[in-house]
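Quick notes on the structure that follows.
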Amino acid sequence: MTDTLQRTEQGMHDDVALLNELEPEAARLYDRHDKVAQEWFPHDYIPYRLGRDFDKEPWTPDQPRLTGVAQTSFEINLLTEDNLPSYHRLIHGMFGAGNGAWINWIGRWTAEEGRHAIVLRDYLTVTRNLDPVALERGRMTQLMTGYDRDTIDTLRGLAYVAFQELATRISHKNTGRYSQDPVADRIMARIAADENLHMVFYRDILGAALKIQPSRAVQAIVAEVLAFEMPGNGIPGFLRKAAAIAKAGIYDIRIHRDEVLVPIIKHWRIFELTGLDAAAEEARKMLAEHLDKLEVAAKHFEEKMARAGSPDRMVRSAG
């Protein structure tokens, strides 16, 4: 047996042990989620009165009320949500070795996430805000491409989903506000509320893991911060579209640093932990340096946008 295989099996053994140790906390957090999560129905959010038969009146580019960056952001958000089968597979790979509450959470999370693509696609189709043929072709491409990660390590997985759920919540909420469509704003606020509750579960279960394996957890968190990418990065033209979304102020470097990374890092009190091993201390140093670099990059981007004028840039407010 090779050293690599031995390390892989040891890592899997460690992950199963950690999942089992965290299971009572996962059960508590699942019960908390169940009590506060609100039942909702996608059809309640769709203005079906606006619907028309596509066979009698085909879609044309002059029909959308949303334009430009708003269309781009909705497209990215929907195609990202479409990839739920891949996310379910990865989540099950990271947490499915646990018992009881972990399996319950995987099912609950998947079921709640499934509503997001339903309500987004129905809204965009009924309102004709995006070409339904292009949307379906995009869905097919996205599902056939799928989404994968190099590691399904439990701690790194928890770190990633905590940051990613908060990032998605903010992107969705800002997209709704930017659209200047009350219907879209209400839909995106509803989805964002789900994403926030999902983030809280992952944030708090990793907070519990930090008490059990602080050094290993810190290294996992830092590794995910340094390598972070949104799950939609496989969408064709994603970098160009993400740049347009950033210029509009929907999701940019400042938001990523100040509204996603920093709040969760502060919640975990990463820079206040004591008794870390040398590797974790080095990782924590790298984290501080990375946050400083993001601050410099954010200021540079803001100065660039100010010089350019950016009339379409959204003015953000807290919350």
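Labeling convention for the structure tokens: chains A, B, ... as they appear, residues from 1 per chain, ligands from 1 in order of appearance.
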Please identify every residue of segment 124-163 of chain A that has at least one atom no farther than 9 Å from an atom of segment 80-94 of chain A, counting only C-alpha atoms, and for each give the shortest atom pair and the distance in Å to one decimal, arranged by chain then increasing number, as CSV.
residue,atom,partner,partner_atom,distance
A:Arg139,CA,A:Asp82,CA,6.5
A:Gln142,CA,A:Asn83,CA,6.5
A:Leu143,CA,A:Asn83,CA,5.8
A:Gly146,CA,A:Ser86,CA,5.7
A:Tyr147,CA,A:Ser86,CA,5.5
A:Asp148,CA,A:Ser86,CA,7.1
A:Arg149,CA,A:Leu90,CA,8.0
A:Thr151,CA,A:Met94,CA,8.9
A:Ile152,CA,A:Met94,CA,5.1
A:Asp153,CA,A:Met94,CA,6.3
A:Thr154,CA,A:Met94,CA,5.2
A:Leu155,CA,A:Met94,CA,8.7
A:Gly157,CA,A:Met94,CA,6.5
A:Leu158,CA,A:Met94,CA,8.4
File of the preceding selection, C-alpha atoms, as a PDB file, in the first residue's frame:
ATOM      1  CA  ARG A 139     -28.927  24.557 -17.963  1.00  0.00           C
ATOM      2  CA  GLN A 142     -24.159  23.450 -16.757  1.00  0.00           C
ATOM      3  CA  LEU A 143     -25.565  20.087 -15.716  1.00  0.00           C
ATOM      4  CA  GLY A 146     -21.222  19.633 -13.407  1.00  0.00           C
ATOM      5  CA  TYR A 147     -19.186  20.966 -10.541  1.00  0.00           C
ATOM      6  CA  ASP A 148     -16.366  19.290  -8.652  1.00  0.00           C
ATOM      7  CA  ARG A 149     -13.672  19.993  -6.093  1.00  0.00           C
ATOM      8  CA  THR A 151     -10.948  17.625  -1.981  1.00  0.00           C
ATOM      9  CA  ILE A 152     -13.921  16.409   0.016  1.00  0.00           C
ATOM     10  CA  ASP A 153     -12.080  16.843   3.323  1.00  0.00           C
ATOM     11  CA  THR A 154     -14.729  17.523   5.992  1.00  0.00           C
ATOM     12  CA  LEU A 155     -13.167  20.613   7.553  1.00  0.00           C
ATOM     13  CA  GLY A 157     -15.766  21.385   2.999  1.00  0.00           C
ATOM     14  CA  LEU A 158     -17.391  23.048   5.999  1.00  0.00           C
TER      15      LEU A 158
END
Tell me, counting only C-alpha atoms, for each residue of segment 95-177 of chain A within 12 Å of segment 264-267 of chain A, which pair of atoms is nearest and how far apart they are in Å to one decimal, in rows ordered by chain and increasing number, as a Markdown table.
| residue | atom | partner | partner_atom | distance |
| --- | --- | --- | --- | --- |
| A:Ala159 | CA | A:Ile264 | CA | 9.7 |
| A:Tyr160 | CA | A:Ile264 | CA | 11.4 |
| A:Val161 | CA | A:Ile264 | CA | 11.6 |
| A:Ala162 | CA | A:Ile264 | CA | 8.1 |
| A:Phe163 | CA | A:Ile264 | CA | 7.6 |
| A:Gln164 | CA | A:Ile264 | CA | 11.1 |
| A:Glu165 | CA | A:Ile264 | CA | 11.3 |
| A:Leu166 | CA | A:Ile264 | CA | 9.0 |
| A:Ala167 | CA | A:Ile264 | CA | 11.1 |
Problem - Ile212 of chain A environment, 9 Å, only C-alpha atoms, sequence neighbours closer than 3 positions dropped, as JSON, numbers by chain - result: {"A": [18, 21, 22, 208, 209, 217]}
Selection above as a file: C-alpha atoms, as a PDB file, in the first residue's frame:
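That gives us again19.pdb:
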ATOM      1  CA  LEU A  18     -14.872  13.983  13.572  1.00  0.00           C
ATOM      2  CA  GLU A  21     -18.075  13.546  17.415  1.00  0.00           C
ATOM      3  CA  LEU A  22     -19.908  16.511  15.901  1.00  0.00           C
ATOM      4  CA  ALA A 208     -17.821  23.453  17.143  1.00  0.00           C
ATOM      5  CA  ALA A 209     -15.091  21.688  15.144  1.00  0.00           C
ATOM      6  CA  ALA A 217      -9.634  23.555  11.434  1.00  0.00           C
TER       7      ALA A 217
END
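Using only C-alpha atoms, the nearest neighbour of Ala248 of chain A within the list A:Lys211, A:Lys285, A:Arg313, A:Arg216 is A:Arg313.
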Exercise for the section: Give me the residues within 6 Å of Asn129 of chain A as JSON, numbers by chain, counting only C-alpha atoms and dropping any in the same chain fewer than 5 places off. Expected result: {"A": [64, 66, 124]}
Practice task
Enumerate, as a PyMOL selection string, the complete set of residues in segment 66-294 of chain A that a backbone-based DSSP assignment places in alpha helix (DSSP H).
Solution key: chain A and resi 68-82+84-95+101-126+132-145+154-179+182-212+214-227+238-247+253-255+262-268+278-294
Handout entry: Pick from A:Ala184, A:Leu197, A:Leu276, A:Leu287, whichever lies nearest to Gln71 of chain A using only C-alpha atoms
Key = A:Ala184
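Put simply, atom CA of Gly237 of chain A is 28.5 Å away from atom CA of Val262 of chain A.
Using only C-alpha atoms for every distance, the candidate list A:Thr141, A:Ser73, A:Thr274, A:Thr168 yields A:Thr168 as the residue closest to His116 of chain A.
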